[in-house]
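Source file run35.cif; content: mmCIF, C-alpha atoms.
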```
data_run
loop_
_atom_site.label_atom_id
_atom_site.label_comp_id
_atom_site.auth_asym_id
_atom_site.auth_seq_id
_atom_site.Cartn_x
_atom_site.Cartn_y
_atom_site.Cartn_z
CA MET A 1 133.28 108.50 137.96
CA SER A 2 130.03 108.22 139.90
CA ARG A 3 129.34 109.63 143.33
CA TYR A 4 127.31 107.90 146.05
CA LEU A 5 126.16 109.19 149.42
CA LEU A 6 126.07 106.47 152.08
CA ASP A 7 123.64 106.59 154.93
CA THR A 8 125.14 106.10 158.38
CA GLN A 9 124.11 102.46 158.77
CA VAL A 10 125.50 101.48 155.38
CA TRP A 11 128.84 103.15 156.10
CA LEU A 12 129.10 101.36 159.46
CA TRP A 13 128.20 98.04 157.80
CA LEU A 14 130.80 98.65 155.10
CA LEU A 15 133.45 98.93 157.81
CA ALA A 16 132.39 96.28 160.29
CA GLU A 17 129.88 93.96 158.61
CA PRO A 18 130.25 94.16 154.81
CA ARG A 19 128.49 90.79 154.45
CA ARG A 20 125.24 92.61 155.34
CA LEU A 21 125.50 94.56 152.07
CA ARG A 22 124.37 93.19 148.74
CA ASP A 23 127.23 91.88 146.59
CA ASP A 24 126.61 94.39 143.80
CA VAL A 25 126.71 97.24 146.33
CA CYS A 26 129.99 95.95 147.77
CA ASP A 27 131.44 95.83 144.26
CA LEU A 28 130.25 99.36 143.54
CA LEU A 29 131.70 100.71 146.79
CA ALA A 30 135.00 98.89 146.23
CA ASP A 31 135.40 100.36 142.73
CA ALA A 32 138.09 103.05 142.97
CA ALA A 33 136.44 104.85 140.05
CA ASN A 34 133.49 105.74 142.31
CA GLU A 35 133.51 108.45 144.95
CA ILE A 36 131.93 107.42 148.25
CA LEU A 37 130.62 110.29 150.39
CA LEU A 38 129.86 110.40 154.11
CA SER A 39 127.88 113.38 155.34
CA ALA A 40 128.83 115.33 158.43
CA ALA A 41 125.26 114.45 159.48
CA SER A 42 126.39 110.82 159.77
CA SER A 43 129.34 111.81 161.95
CA TRP A 44 126.89 113.76 164.11
CA GLU A 45 124.54 110.77 164.34
CA ILE A 46 127.43 108.42 165.19
CA SER A 47 128.63 110.80 167.91
CA ILE A 48 125.19 111.09 169.49
CA LYS A 49 124.50 107.35 169.43
CA TYR A 50 127.96 106.60 170.83
CA ARG A 51 127.48 109.09 173.66
CA LEU A 52 124.06 107.61 174.51
CA GLY A 53 125.50 104.10 174.55
CA LYS A 54 123.44 103.01 171.53
CA LEU A 55 126.50 102.47 169.32
CA VAL A 56 129.58 100.54 170.38
CA LEU A 57 132.81 101.49 168.64
CA PRO A 58 136.37 100.28 169.26
CA GLU A 59 137.41 103.89 169.94
CA PRO A 60 135.69 107.28 170.36
CA PRO A 61 134.08 108.82 167.25
CA ARG A 62 136.61 111.68 167.15
CA SER A 63 139.32 109.20 166.15
CA TYR A 64 137.21 106.35 164.73
CA VAL A 65 135.36 108.28 162.02
CA PRO A 66 138.29 110.16 160.42
CA ASP A 67 140.55 107.10 160.63
CA ARG A 68 137.97 104.81 159.00
CA MET A 69 137.13 107.42 156.38
CA ARG A 70 140.80 107.60 155.45
CA ARG A 71 141.19 103.80 155.39
CA SER A 72 138.04 103.28 153.32
CA GLY A 73 138.69 106.16 150.92
CA THR A 74 135.49 107.90 151.94
CA THR A 75 135.11 111.57 151.04
CA PRO A 76 133.64 113.93 153.67
CA LEU A 77 130.51 115.85 152.71
CA ALA A 78 129.91 119.09 154.59
CA ILE A 79 126.45 120.25 155.59
CA GLU A 80 125.56 123.43 153.70
CA HIS A 81 122.75 125.88 154.44
CA ASP A 82 121.05 124.87 151.19
CA HIS A 83 120.96 121.24 152.36
CA VAL A 84 119.42 122.13 155.73
CA LEU A 85 116.86 124.52 154.27
CA ARG A 86 115.75 121.91 151.75
CA VAL A 87 114.65 119.67 154.65
CA ALA A 88 111.68 122.01 155.19
CA GLU A 89 110.47 121.17 151.68
CA LEU A 90 110.45 117.41 152.21
CA PRO A 91 107.20 115.56 152.84
CA ASP A 92 106.95 113.77 156.18
CA HIS A 93 107.65 110.26 154.91
CA HIS A 94 110.33 109.84 157.53
CA ARG A 95 110.81 111.43 160.96
CA ASP A 96 114.52 110.78 161.49
CA PRO A 97 116.25 114.18 161.16
CA PHE A 98 119.56 112.63 160.06
CA ASP A 99 117.93 110.64 157.26
CA ARG A 100 115.91 113.66 156.17
CA LEU A 101 119.11 115.68 155.90
CA LEU A 102 120.78 112.92 153.88
CA VAL A 103 117.82 112.92 151.49
CA ALA A 104 118.07 116.69 151.14
CA GLN A 105 121.80 116.44 150.41
CA ALA A 106 121.29 113.69 147.83
CA GLN A 107 118.56 115.75 146.15
CA THR A 108 120.57 118.97 146.16
CA LEU A 109 123.68 117.29 144.78
CA ASP A 110 121.71 114.98 142.47
CA ILE A 111 123.50 111.85 143.66
CA PRO A 112 122.17 108.45 144.70
CA LEU A 113 121.70 107.65 148.38
CA VAL A 114 122.83 104.15 149.35
CA THR A 115 120.55 102.95 152.14
CA ALA A 116 118.92 99.91 153.70
CA ASP A 117 115.97 102.05 154.83
CA THR A 118 113.11 101.37 152.41
CA GLN A 119 111.14 104.36 153.79
CA LEU A 120 113.58 106.69 152.03
CA GLN A 121 112.39 105.41 148.66
CA ALA A 122 109.20 107.44 149.17
CA TYR A 123 111.19 110.63 148.56
CA ASP A 124 112.01 112.11 145.18
CA VAL A 125 115.60 110.87 145.37
CA THR A 126 117.53 108.11 143.68
CA THR A 127 118.20 105.35 146.19
CA LEU A 128 120.32 102.27 145.91
CA ARG A 129 119.21 99.47 148.22
CA ALA A 130 122.11 98.22 150.29
#
```
Rendering of file as structure tokens:
Amino acid sequence: MSRYLLDTQVWLWLLAEPRRLRDDVCDLLADAANEILLSAASSWEISIKYRLGKLVLPEPPRSYVPDRMRRSGTTPLAIEHDHVLRVAELPDHHRDPFDRLLVAQAQTLDIPLVTADTQLQAYDVTTLRA
């Protein structure tokens, strides 16, 4: 079994617009032998963007995220102190605090980060282009 950490955008695309993902990525994410992780940082980002009106969802994040995680077989990934503290060690390739935390989590756990953001490839982390 392989584990993959999805960035927020990729997880939202997987749910609502899977055609935006590459076919090989869709196959990988659909394979029940793989564990798909969603960070609490993504839930935080979704909540903030929803509250600001920058993200439209069919229901509030409190019900949408856990329901869609359950339906899609996504495993929650908690934010640990080690993950947050590692952010301070990252070069400033990217300013988005959510993405920086996802990079730190992927590094700490030594798992690939599935992302459409090419800027994240500048970090010392395995990325899989969505």
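The interatomic distance for the pair CA of Arg129 in chain A and CA of Gly53 in chain A works out to 27.5 Å.
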message = Could you list, as a ChimeraX atom specification, every residue matched by the PyMOL selection byres ((chain A and resi 127) around 12) in this structure?
response = /A:4-7,25,102-103,106-107,110-126,128-130
I need the chosen residues saved as a PDB file, keeping the file's coordinate frame, with C-alpha atoms.
```
ATOM      1  CA  TYR A   4     127.310 107.900 146.050  1.00  0.00           C
ATOM      2  CA  LEU A   5     126.160 109.190 149.420  1.00  0.00           C
ATOM      3  CA  LEU A   6     126.070 106.470 152.080  1.00  0.00           C
ATOM      4  CA  ASP A   7     123.640 106.590 154.930  1.00  0.00           C
ATOM      5  CA  VAL A  25     126.710  97.240 146.330  1.00  0.00           C
ATOM      6  CA  LEU A 102     120.780 112.920 153.880  1.00  0.00           C
ATOM      7  CA  VAL A 103     117.820 112.920 151.490  1.00  0.00           C
ATOM      8  CA  ALA A 106     121.290 113.690 147.830  1.00  0.00           C
ATOM      9  CA  GLN A 107     118.560 115.750 146.150  1.00  0.00           C
ATOM     10  CA  ASP A 110     121.710 114.980 142.470  1.00  0.00           C
ATOM     11  CA  ILE A 111     123.500 111.850 143.660  1.00  0.00           C
ATOM     12  CA  PRO A 112     122.170 108.450 144.700  1.00  0.00           C
ATOM     13  CA  LEU A 113     121.700 107.650 148.380  1.00  0.00           C
ATOM     14  CA  VAL A 114     122.830 104.150 149.350  1.00  0.00           C
ATOM     15  CA  THR A 115     120.550 102.950 152.140  1.00  0.00           C
ATOM     16  CA  ALA A 116     118.920  99.910 153.700  1.00  0.00           C
ATOM     17  CA  ASP A 117     115.970 102.050 154.830  1.00  0.00           C
ATOM     18  CA  THR A 118     113.110 101.370 152.410  1.00  0.00           C
ATOM     19  CA  GLN A 119     111.140 104.360 153.790  1.00  0.00           C
ATOM     20  CA  LEU A 120     113.580 106.690 152.030  1.00  0.00           C
ATOM     21  CA  GLN A 121     112.390 105.410 148.660  1.00  0.00           C
ATOM     22  CA  ALA A 122     109.200 107.440 149.170  1.00  0.00           C
ATOM     23  CA  TYR A 123     111.190 110.630 148.560  1.00  0.00           C
ATOM     24  CA  ASP A 124     112.010 112.110 145.180  1.00  0.00           C
ATOM     25  CA  VAL A 125     115.600 110.870 145.370  1.00  0.00           C
ATOM     26  CA  THR A 126     117.530 108.110 143.680  1.00  0.00           C
ATOM     27  CA  LEU A 128     120.320 102.270 145.910  1.00  0.00           C
ATOM     28  CA  ARG A 129     119.210  99.470 148.220  1.00  0.00           C
ATOM     29  CA  ALA A 130     122.110  98.220 150.290  1.00  0.00           C
TER      30      ALA A 130
END
```
Spatial neighbours of Leu55 in chain A, max dist 12 Å, all atoms listed in the file, sep filter under 3 positions, as an NGL selection string = :A and (8-9 or 12 or 45-52 or 58-61)
Expected file contents, prior selection, C-alpha atoms, as a JSON list (two decimals), in the coordinates of the input:
```json
[["chain", "number", "residue", "atom", "x", "y", "z"],
["A", 8, "THR", "CA", 125.14, 106.10, 158.38],
["A", 9, "GLN", "CA", 124.11, 102.46, 158.77],
["A", 12, "LEU", "CA", 129.10, 101.36, 159.46],
["A", 45, "GLU", "CA", 124.54, 110.77, 164.34],
["A", 46, "ILE", "CA", 127.43, 108.42, 165.19],
["A", 47, "SER", "CA", 128.63, 110.80, 167.91],
["A", 48, "ILE", "CA", 125.19, 111.09, 169.49],
["A", 49, "LYS", "CA", 124.50, 107.35, 169.43],
["A", 50, "TYR", "CA", 127.96, 106.60, 170.83],
["A", 51, "ARG", "CA", 127.48, 109.09, 173.66],
["A", 52, "LEU", "CA", 124.06, 107.61, 174.51],
["A", 58, "PRO", "CA", 136.37, 100.28, 169.26],
["A", 59, "GLU", "CA", 137.41, 103.89, 169.94],
["A", 60, "PRO", "CA", 135.69, 107.28, 170.36],
["A", 61, "PRO", "CA", 134.08, 108.82, 167.25]]
```
ask   = Written as an MDAnalysis selection string, what is the full residue list that the PyMOL selection byres ((chain A and resi 80) around 12) yields on the file shown?
value = chainID A and resid 39:41 77:79 81:87 101:102 104:105 108:109
Go ahead and dump the residues you just picked, C-alpha atoms, as a PDB file, in the frame of the given file.
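Final file, selection.pdb:
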```pdb
ATOM      1  CA  SER A  39     127.880 113.380 155.340  1.00  0.00           C
ATOM      2  CA  ALA A  40     128.830 115.330 158.430  1.00  0.00           C
ATOM      3  CA  ALA A  41     125.260 114.450 159.480  1.00  0.00           C
ATOM      4  CA  LEU A  77     130.510 115.850 152.710  1.00  0.00           C
ATOM      5  CA  ALA A  78     129.910 119.090 154.590  1.00  0.00           C
ATOM      6  CA  ILE A  79     126.450 120.250 155.590  1.00  0.00           C
ATOM      7  CA  HIS A  81     122.750 125.880 154.440  1.00  0.00           C
ATOM      8  CA  ASP A  82     121.050 124.870 151.190  1.00  0.00           C
ATOM      9  CA  HIS A  83     120.960 121.240 152.360  1.00  0.00           C
ATOM     10  CA  VAL A  84     119.420 122.130 155.730  1.00  0.00           C
ATOM     11  CA  LEU A  85     116.860 124.520 154.270  1.00  0.00           C
ATOM     12  CA  ARG A  86     115.750 121.910 151.750  1.00  0.00           C
ATOM     13  CA  VAL A  87     114.650 119.670 154.650  1.00  0.00           C
ATOM     14  CA  LEU A 101     119.110 115.680 155.900  1.00  0.00           C
ATOM     15  CA  LEU A 102     120.780 112.920 153.880  1.00  0.00           C
ATOM     16  CA  ALA A 104     118.070 116.690 151.140  1.00  0.00           C
ATOM     17  CA  GLN A 105     121.800 116.440 150.410  1.00  0.00           C
ATOM     18  CA  THR A 108     120.570 118.970 146.160  1.00  0.00           C
ATOM     19  CA  LEU A 109     123.680 117.290 144.780  1.00  0.00           C
TER      20      LEU A 109
END
```
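Among the candidates A:His94, A:Asp99, A:Arg3, A:Pro76, the one nearest to Ala33 in chain A when counting only C-alpha atoms is A:Arg3.
With CA of Ser2 in chain A on one side and CA of Ile36 in chain A on the other, the separation reads 8.6 Å.
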Around range 66-82 of chain A, with edges along x, y and z and 4 Å added on all six sides, what centre and edge lengths do you get, in Å to one decimal, as AutoDock Vina command-line options?
```
--center_x 131.1 --center_y 114.6 --center_z 155.8 --size_x 28.1 --size_y 30.6 --size_z 17.7
```
task = Can you work out the spacing between CA of Arg22 in chain A and CA of Arg95 in chain A in Å, to one decimal?
result = 25.8 Å
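Closest to Val65 in chain A among A:Cys26, A:Met1, A:Leu38, A:Ala88 is A:Leu38, based on only C-alpha atoms.
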task = Would you mind listing what lies within 9 Å of Arg20 in chain A as a PyMOL selection string, with only C-alpha atoms counted and same-chain residues fewer than 4 positions away left out?
result = chain A and resi 10+13-14+130
Shortest interatomic distance to Arg62 in chain A - which of A:Ser43, A:Asp27, A:Glu17, A:Thr75, counting only C-alpha atoms = A:Ser43
Please produce range 83-94 of chain A, completed to N, CA and C atoms, as a PDB file, in the coordinates of the input.
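And here's part.pdb as it stands now:
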```pdb
ATOM      1  N   HIS A  83     121.388 122.605 152.001  1.00  0.00           N
ATOM      2  CA  HIS A  83     120.960 121.240 152.360  1.00  0.00           C
ATOM      3  C   HIS A  83     119.950 121.288 153.511  1.00  0.00           C
ATOM      4  N   VAL A  84     120.280 122.048 154.537  1.00  0.00           N
ATOM      5  CA  VAL A  84     119.420 122.130 155.730  1.00  0.00           C
ATOM      6  C   VAL A  84     118.086 122.777 155.399  1.00  0.00           C
ATOM      7  N   LEU A  85     118.110 123.825 154.617  1.00  0.00           N
ATOM      8  CA  LEU A  85     116.860 124.520 154.270  1.00  0.00           C
ATOM      9  C   LEU A  85     115.965 123.671 153.387  1.00  0.00           C
ATOM     10  N   ARG A  86     116.550 122.787 152.607  1.00  0.00           N
ATOM     11  CA  ARG A  86     115.750 121.910 151.750  1.00  0.00           C
ATOM     12  C   ARG A  86     114.928 120.920 152.579  1.00  0.00           C
ATOM     13  N   VAL A  87     115.382 120.594 153.779  1.00  0.00           N
ATOM     14  CA  VAL A  87     114.650 119.670 154.650  1.00  0.00           C
ATOM     15  C   VAL A  87     113.219 120.151 154.874  1.00  0.00           C
ATOM     16  N   ALA A  88     113.020 121.459 154.963  1.00  0.00           N
ATOM     17  CA  ALA A  88     111.680 122.010 155.190  1.00  0.00           C
ATOM     18  C   ALA A  88     110.735 121.731 154.026  1.00  0.00           C
ATOM     19  N   GLU A  89     111.283 121.434 152.868  1.00  0.00           N
ATOM     20  CA  GLU A  89     110.470 121.170 151.680  1.00  0.00           C
ATOM     21  C   GLU A  89     110.114 119.697 151.512  1.00  0.00           C
ATOM     22  N   LEU A  90     110.688 118.852 152.343  1.00  0.00           N
ATOM     23  CA  LEU A  90     110.450 117.410 152.210  1.00  0.00           C
ATOM     24  C   LEU A  90     109.125 117.006 152.846  1.00  0.00           C
ATOM     25  N   PRO A  91     108.395 116.106 152.196  1.00  0.00           N
ATOM     26  CA  PRO A  91     107.200 115.560 152.840  1.00  0.00           C
ATOM     27  C   PRO A  91     107.604 114.737 154.064  1.00  0.00           C
ATOM     28  N   ASP A  92     106.658 114.474 154.930  1.00  0.00           N
ATOM     29  CA  ASP A  92     106.950 113.770 156.180  1.00  0.00           C
ATOM     30  C   ASP A  92     106.896 112.254 156.046  1.00  0.00           C
ATOM     31  N   HIS A  93     107.602 111.722 155.071  1.00  0.00           N
ATOM     32  CA  HIS A  93     107.650 110.260 154.910  1.00  0.00           C
ATOM     33  C   HIS A  93     108.477 109.610 156.012  1.00  0.00           C
ATOM     34  N   HIS A  94     109.373 110.379 156.575  1.00  0.00           N
ATOM     35  CA  HIS A  94     110.330 109.840 157.530  1.00  0.00           C
ATOM     36  C   HIS A  94     110.572 110.893 158.610  1.00  0.00           C
TER      37      HIS A  94
END
```
